Amino acid sequence: MSSSRDRQKAVKKLRTFLFSQKIDVRDYRDRIDEVFSAVFLPNHVDCQEKDYGDVACDVITPEMYSFDRILLYIHGGSFVGGSKKAYRSFVSSLATAVSAKAVVPEFDLAPAHPYPFAVESVQKVFKAVFTEFHVQNILSTKTDGKPKVPEIIIAADSSGASIAMALVLSLNERFRATLRSLIFFSPWLDISEENEKLKMRKCSDDVFTAESVRFAAENYVPTAENRKNPLVSPLYATKEMLAKFPPVYIQYGSKDMFVEDYERFQELLFSAGVKCDLDMWDGMMPLFEFADEYLSESHLAVEKIGKMITARSYENESELEIGLELERVQTRTM
């Protein structure tokens, strides 16, 4: 396990995500890019830029991946920062772990583009990705002559989870049917003024403070009463809105400020008949997965998600066929 010194270094890095009134928006964005971007991407992935729905995106392709699966990653950054550049390294590791090509959109950011600009951006990306993905899989059929059913994984962290949830809540049944699962890292699920944590003057964890989250929320949704909108704070979603929702997986550290929100969200999903797994890592801070140069737990956490996704995939026959094909490709290239 990681030493106390390594944990201190990890916290220092992760606190780059904290946004406050003392920080200029441009400096905040530049700092995230500086701290989290990498010259060389891990696992020999290929990264290319492509527009989906007129939104600039990174398309990250691992050396081996399932042709039936794609990962859409919605980045965090307190609604005002973050970029595909900053998230390339992490998403490269995640895409490799889950054996999927990944798309990372450069969506509109607050405060110049408050809610619903970011949601509208990712909606465009999702529909364009879905169309391309669906056409490709129609052209590729199984041995019984039936088209393969594509599946989409949506992943997000912190503020990005609010945007990702808004995307899924806005999808009709046809689109939802293609969603394999939602994967969240320390998600922000309630940024309303009703959140007990945000009411406290002094409340914090190793990375964020209640004040910093409130300030981010004010930039994203200037009108306080609108922050109870389920498309902003998913904890206010109704059972009807969550009908036929994909399984949800939430990974977080025990020191996370919003642990109770995750538990409330799990209860809400359970009441709607939706599977929700909570994966708490003891002694870890929020977004510990993004400090993999300091924390061995970061690597283990991402590997765990990969094993979870691929294990479930092999439960159905079409994925098993793809897995065997990947093994054959790997054998030929060794």
# chains A, B, ... in the order shown; residues from 1 in each chain; ligands from 1
call {"tool": "residues_around", "arguments": {"residues": "A:Leu109", "least_positions_apart": "5", "cutoff": "8 Å", "atoms": "only C-alpha atoms", "output": "PyMOL selection string"}}
result
chain A and resi 79-81+114+117-118
call {"tool": "closest_residue", "arguments": {"among": "A:Val104, A:His113, A:Leu14, A:Phe19", "to": "A:Tyr220", "atoms": "only C-alpha atoms"}}
result
A:His113
call {"tool": "select_by_dssp", "arguments": {"residues": "stretch 2-194 of chain A", "states": "strand (DSSP E)", "output": "JSON, numbers by chain"}}
result
{"A": [46, 47, 48, 49, 50, 51, 52, 55, 56, 57, 58, 59, 60, 61, 69, 70, 71, 72, 73, 74, 101, 102, 103, 104, 105, 151, 152, 153, 154, 155, 156, 157, 179, 180, 181, 182, 183, 184, 185]}
call {"tool": "closest_residue", "arguments": {"among": "A:Ser20, A:Ala86, A:Leu71, A:Val55", "to": "A:Val39", "atoms": "only C-alpha atoms"}}
result
A:Ala86
call {"tool": "residues_around", "arguments": {"residues": "A:Ile74", "least_positions_apart": "2", "cutoff": "7 Å", "atoms": "only C-alpha atoms", "output": "mmCIF file with all heavy atoms, in the first residue's frame"}}
result
data_model
loop_
_atom_site.group_PDB
_atom_site.id
_atom_site.type_symbol
_atom_site.label_atom_id
_atom_site.label_comp_id
_atom_site.auth_asym_id
_atom_site.auth_seq_id
_atom_site.Cartn_x
_atom_site.Cartn_y
_atom_site.Cartn_z
ATOM 1 N N LEU A 72 -17.895 6.246 -23.326
ATOM 2 C CA LEU A 72 -18.055 7.698 -23.427
ATOM 3 C C LEU A 72 -17.698 8.281 -22.069
ATOM 4 O O LEU A 72 -18.356 7.981 -21.069
ATOM 5 C CB LEU A 72 -19.484 8.067 -23.814
ATOM 6 C CG LEU A 72 -19.821 9.568 -23.851
ATOM 7 C CD1 LEU A 72 -18.960 10.293 -24.880
ATOM 8 C CD2 LEU A 72 -21.302 9.778 -24.155
ATOM 9 N N GLY A 76 -14.710 15.671 -15.272
ATOM 10 C CA GLY A 76 -15.025 16.615 -14.211
ATOM 11 C C GLY A 76 -14.219 17.895 -14.359
ATOM 12 O O GLY A 76 -13.649 18.168 -15.407
ATOM 13 N N VAL A 104 -13.913 11.091 -25.657
ATOM 14 C CA VAL A 104 -13.889 12.111 -24.600
ATOM 15 C C VAL A 104 -14.227 13.460 -25.219
ATOM 16 O O VAL A 104 -13.409 14.041 -25.943
ATOM 17 C CB VAL A 104 -12.503 12.185 -23.923
ATOM 18 C CG1 VAL A 104 -12.553 13.143 -22.729
ATOM 19 C CG2 VAL A 104 -12.018 10.806 -23.507
ATOM 20 N N PRO A 105 -15.431 13.981 -24.979
ATOM 21 C CA PRO A 105 -15.826 15.254 -25.599
ATOM 22 C C PRO A 105 -15.260 16.484 -24.891
ATOM 23 O O PRO A 105 -15.074 16.488 -23.683
ATOM 24 C CB PRO A 105 -17.357 15.239 -25.495
ATOM 25 C CG PRO A 105 -17.711 14.183 -24.516
ATOM 26 C CD PRO A 105 -16.513 13.346 -24.253
ATOM 27 N N ALA A 155 -18.930 6.856 -18.412
ATOM 28 C CA ALA A 155 -18.179 7.048 -17.177
ATOM 29 C C ALA A 155 -17.959 8.534 -16.943
ATOM 30 O O ALA A 155 -17.922 9.327 -17.895
ATOM 31 C CB ALA A 155 -16.839 6.314 -17.243
ATOM 32 N N ALA A 156 -17.820 8.908 -15.685
ATOM 33 C CA ALA A 156 -17.645 10.326 -15.346
ATOM 34 C C ALA A 156 -17.100 10.446 -13.934
ATOM 35 O O ALA A 156 -17.186 9.504 -13.132
ATOM 36 C CB ALA A 156 -18.968 11.082 -15.468
ATOM 37 N N GLY A 160 -18.627 15.961 -13.546
ATOM 38 C CA GLY A 160 -19.005 15.312 -14.795
ATOM 39 C C GLY A 160 -20.129 14.319 -14.621
ATOM 40 O O GLY A 160 -20.895 14.049 -15.562
ATOM 41 N N ALA A 164 -23.344 13.672 -16.914
ATOM 42 C CA ALA A 164 -23.601 12.335 -17.450
ATOM 43 C C ALA A 164 -24.990 11.841 -17.064
ATOM 44 O O ALA A 164 -25.708 11.245 -17.890
ATOM 45 C CB ALA A 164 -22.536 11.362 -16.935
#
call {"tool": "residues_around", "arguments": {"residues": "A:Thr61", "least_positions_apart": "4", "cutoff": "6 Å", "atoms": "only C-alpha atoms", "output": "count of residues only"}}
result
3
call {"tool": "residues_around", "arguments": {"residues": "A:Ser296", "least_positions_apart": "6", "cutoff": "10 Å", "atoms": "only C-alpha atoms", "output": "VMD selection string"}}
result
chain A and resid 1 to 3 6 288 to 289
